$ cat entry.cif   # mmCIF, C-alpha atoms
data_input
#
loop_
_atom_site.group_PDB
_atom_site.id
_atom_site.type_symbol
_atom_site.label_atom_id
_atom_site.label_comp_id
_atom_site.auth_asym_id
_atom_site.auth_seq_id
_atom_site.Cartn_x
_atom_site.Cartn_y
_atom_site.Cartn_z
ATOM 1 C CA PRO Q 32 -5.975 -1.775 68.057
ATOM 2 C CA GLY Q 33 -6.566 -0.154 64.709
ATOM 3 C CA LEU Q 34 -8.823 -0.145 61.673
ATOM 4 C CA TYR Q 35 -9.778 -3.510 60.152
ATOM 5 C CA LYS Q 36 -11.750 -3.889 56.904
ATOM 6 C CA TRP Q 37 -13.427 -6.919 55.317
ATOM 7 C CA GLY Q 38 -15.047 -6.972 51.891
ATOM 8 C CA THR Q 39 -16.891 -10.206 52.696
ATOM 9 C CA ASN Q 40 -19.028 -11.800 55.379
ATOM 10 C CA VAL Q 41 -17.317 -12.352 58.742
ATOM 11 C CA GLY Q 42 -18.034 -15.015 61.326
ATOM 12 C CA PHE Q 43 -16.387 -16.740 64.226
ATOM 13 C CA THR Q 44 -17.176 -19.973 66.002
ATOM 14 C CA SER Q 45 -15.009 -20.069 69.112
ATOM 15 C CA SER Q 46 -13.284 -16.907 70.315
ATOM 16 C CA LEU Q 47 -12.253 -13.395 69.400
ATOM 17 C CA THR Q 48 -9.816 -11.519 71.679
ATOM 18 C CA PHE Q 49 -9.181 -7.790 71.875
ATOM 19 C CA ASP Q 50 -5.915 -7.188 73.726
ATOM 20 C CA GLY Q 51 -4.893 -3.624 74.502
ATOM 21 C CA THR Q 52 -4.980 -0.755 76.941
ATOM 22 C CA ASP Q 53 -8.014 1.140 78.176
ATOM 23 C CA THR Q 54 -7.367 3.883 75.600
ATOM 24 C CA ASP Q 55 -6.897 1.634 72.547
ATOM 25 C CA VAL Q 56 -9.621 1.807 69.867
ATOM 26 C CA TRP Q 57 -10.701 -0.854 67.355
ATOM 27 C CA ILE Q 58 -12.834 -0.112 64.295
ATOM 28 C CA LEU Q 59 -14.161 -3.140 62.417
ATOM 29 C CA GLN Q 60 -15.665 -2.318 59.005
ATOM 30 C CA ILE Q 61 -17.494 -5.247 57.427
ATOM 31 C CA SER Q 62 -19.181 -4.912 54.053
ATOM 32 C CA GLY Q 63 -21.152 -8.157 54.448
ATOM 33 C CA ASP Q 64 -22.874 -9.971 57.309
ATOM 34 C CA VAL Q 65 -21.535 -10.862 60.759
ATOM 35 C CA VAL Q 66 -22.370 -14.246 62.317
ATOM 36 C CA VAL Q 67 -21.346 -15.159 65.867
ATOM 37 C CA ALA Q 68 -21.792 -18.887 66.509
ATOM 38 C CA SER Q 69 -23.439 -20.454 69.545
ATOM 39 C CA GLY Q 70 -21.026 -20.512 72.457
ATOM 40 C CA ALA Q 71 -18.593 -18.062 70.841
ATOM 41 C CA ARG Q 72 -16.808 -15.689 73.181
ATOM 42 C CA VAL Q 73 -15.426 -12.169 72.794
ATOM 43 C CA THR Q 74 -12.682 -11.611 75.378
ATOM 44 C CA LEU Q 75 -11.159 -8.308 76.446
ATOM 45 C CA THR Q 76 -7.649 -8.430 77.913
ATOM 46 C CA GLY Q 77 -4.958 -5.999 79.042
ATOM 47 C CA GLY Q 78 -7.469 -3.300 79.964
ATOM 48 C CA ALA Q 79 -9.331 -3.244 76.607
ATOM 49 C CA LYS Q 80 -12.819 -1.749 76.927
ATOM 50 C CA ALA Q 81 -15.982 -2.731 75.053
ATOM 51 C CA GLU Q 82 -16.897 0.932 74.548
ATOM 52 C CA ASN Q 83 -13.725 1.366 72.473
ATOM 53 C CA ILE Q 84 -14.740 -1.296 69.916
ATOM 54 C CA PHE Q 85 -16.816 -0.059 66.974
ATOM 55 C CA TRP Q 86 -18.521 -2.470 64.575
ATOM 56 C CA GLN Q 87 -19.640 -1.000 61.238
ATOM 57 C CA VAL Q 88 -21.647 -3.746 59.536
ATOM 58 C CA ALA Q 89 -23.261 -3.156 56.144
ATOM 59 C CA GLY Q 90 -25.240 -6.413 56.198
ATOM 60 C CA SER Q 91 -27.068 -8.248 58.949
ATOM 61 C CA THR Q 92 -25.708 -9.304 62.332
ATOM 62 C CA THR Q 93 -26.627 -12.649 63.892
ATOM 63 C CA VAL Q 94 -25.556 -13.584 67.423
ATOM 64 C CA HIS Q 95 -26.559 -17.155 68.262
ATOM 65 C CA THR Q 96 -27.505 -18.438 71.706
ATOM 66 C CA THR Q 97 -24.946 -18.673 74.513
ATOM 67 C CA ALA Q 98 -22.506 -16.294 72.772
ATOM 68 C CA HIS Q 99 -21.067 -13.834 75.291
ATOM 69 C CA ARG Q 100 -18.340 -11.361 76.248
ATOM 70 C CA GLY Q 101 -15.872 -11.871 79.032
ATOM 71 C CA SER Q 102 -12.968 -9.909 80.476
ATOM 72 C CA LEU Q 103 -9.668 -11.201 81.772
#
$ encode --input "entry.cif" --output "structure tokens"
Amino acid sequence: PGLYKWGTNVGFTSSLTFDGTDTDVWILQISGDVVVASGARVTLTGGAKAENIFWQVAGSTTVHTTAHRGSL
């Protein structure tokens, strides 16, 4: 959990995991574009909740086919 800042474009091709409790909050500030590759997965573990993840993207956001979110 916490505040994360990028001054560039951000992308991921395989997986991104948020691990925390149900009260943890993540803020992702991205000054460029976000690209999520085909088949990429966002996983929530340890009780992390999607509604506690905030994406602030200054550029465009592209989510390719078969990308998805899962919980463990």
$ resolve_selection --input "entry.cif" --expression "the PyMOL selection byres ((chain Q and resi 61-69) around 6)" --output "JSON, numbers by chain"
{"Q": [36, 37, 38, 39, 40, 41, 42, 43, 44, 60, 70, 71, 88, 89, 90, 91, 92, 93, 94, 95, 96, 97, 98]}
$ write_last_selection --input "entry.cif" --atoms "C-alpha atoms" --output "compact mmCIF listing (two decimals), in the coordinates of the input"
# COMPACT_ATOMS: atom_id res chain seq x y z
CA LYS Q 36 -11.75 -3.89 56.90
CA TRP Q 37 -13.43 -6.92 55.32
CA GLY Q 38 -15.05 -6.97 51.89
CA THR Q 39 -16.89 -10.21 52.70
CA ASN Q 40 -19.03 -11.80 55.38
CA VAL Q 41 -17.32 -12.35 58.74
CA GLY Q 42 -18.03 -15.02 61.33
CA PHE Q 43 -16.39 -16.74 64.23
CA THR Q 44 -17.18 -19.97 66.00
CA GLN Q 60 -15.66 -2.32 59.00
CA GLY Q 70 -21.03 -20.51 72.46
CA ALA Q 71 -18.59 -18.06 70.84
CA VAL Q 88 -21.65 -3.75 59.54
CA ALA Q 89 -23.26 -3.16 56.14
CA GLY Q 90 -25.24 -6.41 56.20
CA SER Q 91 -27.07 -8.25 58.95
CA THR Q 92 -25.71 -9.30 62.33
CA THR Q 93 -26.63 -12.65 63.89
CA VAL Q 94 -25.56 -13.58 67.42
CA HIS Q 95 -26.56 -17.16 68.26
CA THR Q 96 -27.50 -18.44 71.71
CA THR Q 97 -24.95 -18.67 74.51
CA ALA Q 98 -22.51 -16.29 72.77
$ atom_distance --input "entry.cif" --atom1 "atom CA of Gly77 of chain Q" --atom2 "atom CA of His99 of chain Q"
18.3 Å
$ atom_distance --input "entry.cif" --atom1 "atom CA of Val56 of chain Q" --atom2 "atom CA of Thr74 of chain Q"
14.8 Å
$ resolve_selection --input "entry.cif" --expression "the PyMOL selection byres ((chain Q and resi 46) around 6)" --output "PyMOL selection string"
chain Q and resi 45+47+71-73
$ closest_residue --input "entry.cif" --among "Q:Gly33, Q:Leu75, Q:Gly101, Q:Glu82" --to "Ile58 of chain Q" --atoms "only C-alpha atoms"
Q:Gly33
$ residues_around --input "entry.cif" --residues "Pro32 of chain Q" --least-positions-apart "6" --cutoff "7 Å" --atoms "all atoms listed in the file" --output "PyMOL selection string"
chain Q and resi 51+55-57
$ residues_near_point --input "entry.cif" --point "(-17.2, -2.2, 66.1)" --cutoff "6 Å" --atoms "all atoms listed in the file" --output "PDB file with C-alpha atoms, in the frame of the given file"
ATOM      1  CA  ILE Q  58     -12.834  -0.112  64.295  1.00  0.00           C
ATOM      2  CA  LEU Q  59     -14.161  -3.140  62.417  1.00  0.00           C
ATOM      3  CA  ILE Q  84     -14.740  -1.296  69.916  1.00  0.00           C
ATOM      4  CA  PHE Q  85     -16.816  -0.059  66.974  1.00  0.00           C
ATOM      5  CA  TRP Q  86     -18.521  -2.470  64.575  1.00  0.00           C
ATOM      6  CA  GLN Q  87     -19.640  -1.000  61.238  1.00  0.00           C
TER       7      GLN Q  87
END
